[in-house]
Each structure stands twice: as C-alpha cells, then as structure tokens.
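Report on one structure; see the data block that follows.
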Amino acid sequence: MSALRSDLRNFMCLTYNTLTVRVECDDPTHLLWLQEFLIPSFTLVEEVEADCTVVLVVNDQHYAQTLRCGPHPDGHGVECFVLDQGIVQLPVWASASTEHVIFDERFKVFYFVNQENSQICILTAAQNLAARFALLRVVREFAMNFSHTGNNLVIHGAALMVGNSGIVIAGPKGAGKTSLLIYALQNAAACFVSNDRVVVNLAGSEPVLRGMPTLVTIRDRALDLFPELQRPLLEDGSDYRLTLGEAKPRSAPAGQRARGRSFDLSPAQFCALLNRGMRGHSPVRVLLFPHVREESEGIHIQEVSAQAAGQRLTAALFGVNLSPPRTSQVFTLASSPPALDQARLESLCLTLTTQVRCFDWQLGRRAYQDGTVVTDFIQQQMLL
C-alpha cells in the first residue's frame, strides 16, 4: 500500500465522537464529495494522529494487475459491511503481500488491509465515480463499529432538530420513517440530522444523538404523499456520487415518473431539495414510533410508557435482525472493545426511554394533508 500512496498530496482528518479517521486521495474533488456527505455529523479537524487511515488510489495499471490475480484459491470471503437486513460478504483476492486484499465487484474497487486493520487502501481504475461511495462506506463502517460499544445505541431511525432539541424517529423498514421525516421538516424551525441511522450516546447527564450519514431513498409512497417533490427530483438529475456543485440540471424537460423508480440522494442533496439546514448532533428530547395503518384516517398520536417504549426501541435497533449481532470483520480497529450484548442493549434502551418522552404515531390515509399537526405537536412539547 505504501508504494501506491507515495505520490498522494491531499488529505483531511475527520472525527466521529472520539474516533479520528485520516483520509487521503490524490484528487481533491473526491475529498470534497466525502466532506459534503459526512459533515456535520462528522467533524473536520486539523491534522492530528489518527486512529485509522483510509486512502483512495486511482491507478489503472495497478488495478488491472490486481484484477488478474483472481480470487484466493480457498475461495473464502469476509464480512465487510453490516447493513440493517444483512451483511455484505466480499471475496478475498490472491496476493503475495502481507496485506489482505478484498474485491468489491459492485463498486469496482480493491481494499488492501494491513494486519491491524488500521490502514486501508482503496484501489480503483480511473473514471470510476462509484469509488467515492466505497470510500464513504469504509469510513462510515469504522464509525459504525466504534459506535456499537460503550454507552451508545445505534438506532434504525431518522432524526431532526428543532431549536436545541432533537427528535428521533425509530422503527423497522416500511414503518414510515422517511415520510414522517419529510413531513416534520416542513416545520420552518426544523433542521435535518440523519436518515436511517442514528447514534445516541448515554454517557452524559442527558442523551445526545448524532447522525450517521447514509443515502436518503425517496420511493413511490413518499412521492405520492408529497407530490410537490416529484418535479424538482426529475428536473434536477441529482446523482448522489456528485457534490452539489458538480451536479447539473437536466437539459431536457422533466418527464413523468415511472412507478417503482426511487431516487437516492446524499444528505446535502436531500436538504437542498427541502430547503432545510443540517445539524450534526443534538440532545434528545422526544422519541417517535411511526407505523402505517391504511385502514385509519389522518394521524393519531399517543404517548407510550417508558417500559413499552424501551421494548419497541430494542426492536428498532440497527441490525436487530442479525443473530448474533455482528460487526465488520475488516473495517474495525483491532483494539476496539467488543460489541454490546443483548442485555446491555436492552438496559440502555430503557435508560433512554426514561429520559425522554415517547410517542406512537399512527399514520393513516391522508396523514399529511394537514400541515399543522407536526407544528402543533412540536409546540406542545415545548421544543421551540
């Protein structure tokens, strides 16, 4: 890896809680894209000693040579990225190096990993924008694994901030988190924090949430509920692999949206679409549990006891369907403490729900036609 990175001149250091990641790349535009995607949940800092280093190298010759080596003769793979519903296992590649070499066919990159898992080199050929997302995933996976320890909860949820108070929207896939987030962000005082993954730290006197940046996917249901978003999405031509400055509007008139088509946006693109600001972290005041009930009408809100909310939150933790709970075999520091066990997770969930107010949001037909519901709710909770 050292030979590949010898000519690199551009770098930045990012922190997530107390984890520091150094990122290097010869092309500064890739770093700008990563910075736009991760900040403000991650913090840009001056050059410091980092816990791990991730390097993106663009080299056609080295990429072609590595590709020709082929998979390791044993044919085994390793668990690299943990998603809410499963684990991305990638093949180990043949190599004479002491480093582990892993091939990611989806993004057309190789990961060179040192023995301590603290130095990662991502090798790609030129003109491969997908390598940007591979870079993001590696940096984020280090932060995810770091967040599965100590007094942290990694929640499958979204989050926003109103005034100095944070709201977490927790629930499984299909619960209506993204649509409720869009609805809540219509409040003029609201700022976006996160979508899909939220980390809550319970070490201090009050719980603090921090966003874990992911793609924001807007599907048919959300566009049916908020049709005003359809035209700007069709006209903008946003590509999550581009910065806001790189993206160019479509020259052709916007056509009709095809059913089943979804739009993947970076957090920055999502906030630009809704004309809302972004915040990285916030004290937690309220926890919402949405669920869709098409047989009902409008929105029905009911406060939930701490005990009942603790059980629902335990079922809404990120990766809860993975048994046993898993973390990456590759993108985690060898010195990291083990992930929390189930008993500790349940205890932390109850600790959180006893410190905040918890509500069930039943979302029926025409749930979002009345724009005053979320504003009234926020005012009632004295979040402003």
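Convention: chains lettered A, B, ... in structure tokens order; per-chain residue numbering from 1; ligands numbered from 1 as shown.
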
All strand (DSSP E or B) residues (DSSP, backbone) inside range 113-352 of chain A, as a PyMOL selection string: chain A and resi 113+119-124+152-162+165-170+190-194+197-201+208-211+216-218+263-265+278+281-297+299-304+317

Hey, which bits of range 193-306 of chain A sit within 12 Å of range 111-130 of chain A, and for each residue what's the closest pair of atoms and how far apart in Å (one decimal), counting only C-alpha atoms, rows by chain and increasing number, as CSV?
residue,atom,partner,partner_atom,distance
A:Asp239,CA,A:Leu129,CA,10.2
A:Tyr240,CA,A:Ala130,CA,9.8
A:Arg241,CA,A:Leu129,CA,6.3
A:Leu242,CA,A:Leu129,CA,8.2
A:Thr243,CA,A:Leu129,CA,11.3

Please produce a file of those selected residues containing N, CA and C atoms, as a tab-separated table (two decimals), in the first residue's frame.
chain	number	residue	atom	x	y	z
A	239	ASP	N	-27.30	13.12	-8.77
A	239	ASP	CA	-26.55	11.88	-8.68
A	239	ASP	C	-25.81	11.93	-7.35
A	240	TYR	N	-26.11	10.98	-6.45
A	240	TYR	CA	-25.53	11.03	-5.12
A	240	TYR	C	-24.00	10.93	-5.14
A	241	ARG	N	-23.42	10.52	-6.26
A	241	ARG	CA	-21.97	10.44	-6.38
A	241	ARG	C	-21.33	11.78	-6.71
A	242	LEU	N	-22.15	12.82	-6.87
A	242	LEU	CA	-21.65	14.15	-7.21
A	242	LEU	C	-21.90	15.12	-6.06
A	243	THR	N	-21.05	16.13	-5.94
A	243	THR	CA	-21.30	17.20	-5.00
A	243	THR	C	-22.41	18.09	-5.54

Contact residues around range 280-283 of chain A with only C-alpha atoms at 8 Å, ignoring same-chain residues under 5 positions, as a list of chain:residue names: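 So, after excluding close chain neighbours, the residues are A:Ile39, A:Pro40, A:Ser41, A:Phe42, A:Met161, A:Asn164, A:Ser165, A:Gly166, A:Val193, A:Glu206, A:Pro207, A:Val208, A:Leu209, A:Arg210, A:Gly211.
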
Could you turn the residues from that selection into a file that holds C-alpha atoms, as an mmCIF file, in the first residue's frame?
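So part.cif came out as:
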data_model
loop_
_atom_site.group_PDB
_atom_site.id
_atom_site.type_symbol
_atom_site.label_atom_id
_atom_site.label_comp_id
_atom_site.auth_asym_id
_atom_site.auth_seq_id
_atom_site.Cartn_x
_atom_site.Cartn_y
_atom_site.Cartn_z
ATOM 1 C CA ILE A 39 -20.254 16.779 7.649
ATOM 2 C CA PRO A 40 -21.727 17.955 10.044
ATOM 3 C CA SER A 41 -22.256 14.514 11.633
ATOM 4 C CA PHE A 42 -18.513 14.048 11.280
ATOM 5 C CA MET A 161 -33.561 19.083 15.411
ATOM 6 C CA ASN A 164 -31.934 22.985 20.714
ATOM 7 C CA SER A 165 -33.900 19.749 20.915
ATOM 8 C CA GLY A 166 -33.611 16.526 18.950
ATOM 9 C CA VAL A 193 -29.820 15.474 11.307
ATOM 10 C CA GLU A 206 -28.556 13.811 29.066
ATOM 11 C CA PRO A 207 -28.782 11.635 25.934
ATOM 12 C CA VAL A 208 -27.172 13.095 22.814
ATOM 13 C CA LEU A 209 -27.938 11.964 19.263
ATOM 14 C CA ARG A 210 -25.540 12.106 16.344
ATOM 15 C CA GLY A 211 -26.334 11.422 12.731
#

Selection: 12 Å around Leu215 in chain A, only C-alpha atoms, excl. self and same-chain fewer than 4 positions, as a PyMOL selection string: chain A and resi 37-38+133+136-137+158+178+194-197+239-241+262-271

For those residues, write N, CA and C atoms to a file as a PDB file, in the first residue's frame.
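The resulting out31.pdb:
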ATOM      1  N   PHE A  37     -20.716  14.896   2.123  1.00  0.00           N
ATOM      2  CA  PHE A  37     -21.610  13.811   2.515  1.00  0.00           C
ATOM      3  C   PHE A  37     -21.606  13.616   4.028  1.00  0.00           C
ATOM      4  N   LEU A  38     -20.449  13.719   4.669  1.00  0.00           N
ATOM      5  CA  LEU A  38     -20.309  13.326   6.073  1.00  0.00           C
ATOM      6  C   LEU A  38     -20.522  14.460   7.073  1.00  0.00           C
ATOM      7  N   PHE A 133     -18.288   6.214  -3.272  1.00  0.00           N
ATOM      8  CA  PHE A 133     -19.194   5.603  -2.296  1.00  0.00           C
ATOM      9  C   PHE A 133     -18.498   4.485  -1.545  1.00  0.00           C
ATOM     10  N   LEU A 136     -16.680   6.237   1.175  1.00  0.00           N
ATOM     11  CA  LEU A 136     -17.628   6.599   2.234  1.00  0.00           C
ATOM     12  C   LEU A 136     -17.961   5.402   3.120  1.00  0.00           C
ATOM     13  N   ARG A 137     -18.231   4.267   2.494  1.00  0.00           N
ATOM     14  CA  ARG A 137     -18.642   3.089   3.264  1.00  0.00           C
ATOM     15  C   ARG A 137     -17.554   2.634   4.230  1.00  0.00           C
ATOM     16  N   ALA A 158     -34.477   7.914  11.905  1.00  0.00           N
ATOM     17  CA  ALA A 158     -34.151   9.232  11.377  1.00  0.00           C
ATOM     18  C   ALA A 158     -34.137  10.209  12.538  1.00  0.00           C
ATOM     19  N   THR A 178     -39.118   7.793   6.686  1.00  0.00           N
ATOM     20  CA  THR A 178     -38.708   8.844   5.759  1.00  0.00           C
ATOM     21  C   THR A 178     -39.852   9.808   5.471  1.00  0.00           C
ATOM     22  N   SER A 194     -30.367  13.260  10.421  1.00  0.00           N
ATOM     23  CA  SER A 194     -29.978  11.957   9.881  1.00  0.00           C
ATOM     24  C   SER A 194     -31.186  11.232   9.312  1.00  0.00           C
ATOM     25  N   ASN A 195     -30.887  10.269   8.470  1.00  0.00           N
ATOM     26  CA  ASN A 195     -31.911   9.380   7.927  1.00  0.00           C
ATOM     27  C   ASN A 195     -31.384   7.956   7.975  1.00  0.00           C
ATOM     28  N   ASP A 196     -32.165   7.044   8.495  1.00  0.00           N
ATOM     29  CA  ASP A 196     -31.886   5.606   8.507  1.00  0.00           C
ATOM     30  C   ASP A 196     -31.015   5.141   9.670  1.00  0.00           C
ATOM     31  N   ARG A 197     -30.001   5.916  10.097  1.00  0.00           N
ATOM     32  CA  ARG A 197     -29.143   5.505  11.201  1.00  0.00           C
ATOM     33  C   ARG A 197     -28.899   6.686  12.134  1.00  0.00           C
ATOM     34  N   ASP A 239     -27.297  13.124  -8.771  1.00  0.00           N
ATOM     35  CA  ASP A 239     -26.551  11.877  -8.683  1.00  0.00           C
ATOM     36  C   ASP A 239     -25.810  11.927  -7.354  1.00  0.00           C
ATOM     37  N   TYR A 240     -26.109  10.981  -6.450  1.00  0.00           N
ATOM     38  CA  TYR A 240     -25.526  11.033  -5.115  1.00  0.00           C
ATOM     39  C   TYR A 240     -23.999  10.930  -5.143  1.00  0.00           C
ATOM     40  N   ARG A 241     -23.424  10.524  -6.262  1.00  0.00           N
ATOM     41  CA  ARG A 241     -21.969  10.437  -6.378  1.00  0.00           C
ATOM     42  C   ARG A 241     -21.327  11.781  -6.708  1.00  0.00           C
ATOM     43  N   SER A 262     -37.055   4.792  -7.632  1.00  0.00           N
ATOM     44  CA  SER A 262     -36.717   5.520  -6.414  1.00  0.00           C
ATOM     45  C   SER A 262     -35.575   6.480  -6.713  1.00  0.00           C
ATOM     46  N   PHE A 263     -35.406   7.476  -5.847  1.00  0.00           N
ATOM     47  CA  PHE A 263     -34.361   8.481  -6.001  1.00  0.00           C
ATOM     48  C   PHE A 263     -33.436   8.392  -4.800  1.00  0.00           C
ATOM     49  N   ASP A 264     -32.147   8.202  -5.054  1.00  0.00           N
ATOM     50  CA  ASP A 264     -31.144   8.151  -3.999  1.00  0.00           C
ATOM     51  C   ASP A 264     -30.417   9.487  -3.943  1.00  0.00           C
ATOM     52  N   LEU A 265     -30.453  10.124  -2.761  1.00  0.00           N
ATOM     53  CA  LEU A 265     -29.854  11.438  -2.584  1.00  0.00           C
ATOM     54  C   LEU A 265     -28.832  11.408  -1.462  1.00  0.00           C
ATOM     55  N   SER A 266     -27.804  12.225  -1.580  1.00  0.00           N
ATOM     56  CA  SER A 266     -26.911  12.451  -0.460  1.00  0.00           C
ATOM     57  C   SER A 266     -27.666  13.295   0.563  1.00  0.00           C
ATOM     58  N   PRO A 267     -27.224  13.312   1.832  1.00  0.00           N
ATOM     59  CA  PRO A 267     -27.884  14.195   2.804  1.00  0.00           C
ATOM     60  C   PRO A 267     -27.925  15.650   2.342  1.00  0.00           C
ATOM     61  N   ALA A 268     -26.841  16.133   1.738  1.00  0.00           N
ATOM     62  CA  ALA A 268     -26.811  17.521   1.275  1.00  0.00           C
ATOM     63  C   ALA A 268     -27.839  17.754   0.166  1.00  0.00           C
ATOM     64  N   GLN A 269     -27.980  16.806  -0.754  1.00  0.00           N
ATOM     65  CA  GLN A 269     -28.976  16.934  -1.821  1.00  0.00           C
ATOM     66  C   GLN A 269     -30.391  16.903  -1.257  1.00  0.00           C
ATOM     67  N   PHE A 270     -30.616  16.052  -0.254  1.00  0.00           N
ATOM     68  CA  PHE A 270     -31.928  15.960   0.380  1.00  0.00           C
ATOM     69  C   PHE A 270     -32.298  17.287   1.048  1.00  0.00           C
ATOM     70  N   CYS A 271     -31.351  17.881   1.757  1.00  0.00           N
ATOM     71  CA  CYS A 271     -31.620  19.158   2.420  1.00  0.00           C
ATOM     72  C   CYS A 271     -31.831  20.277   1.410  1.00  0.00           C
TER      73      CYS A 271
END
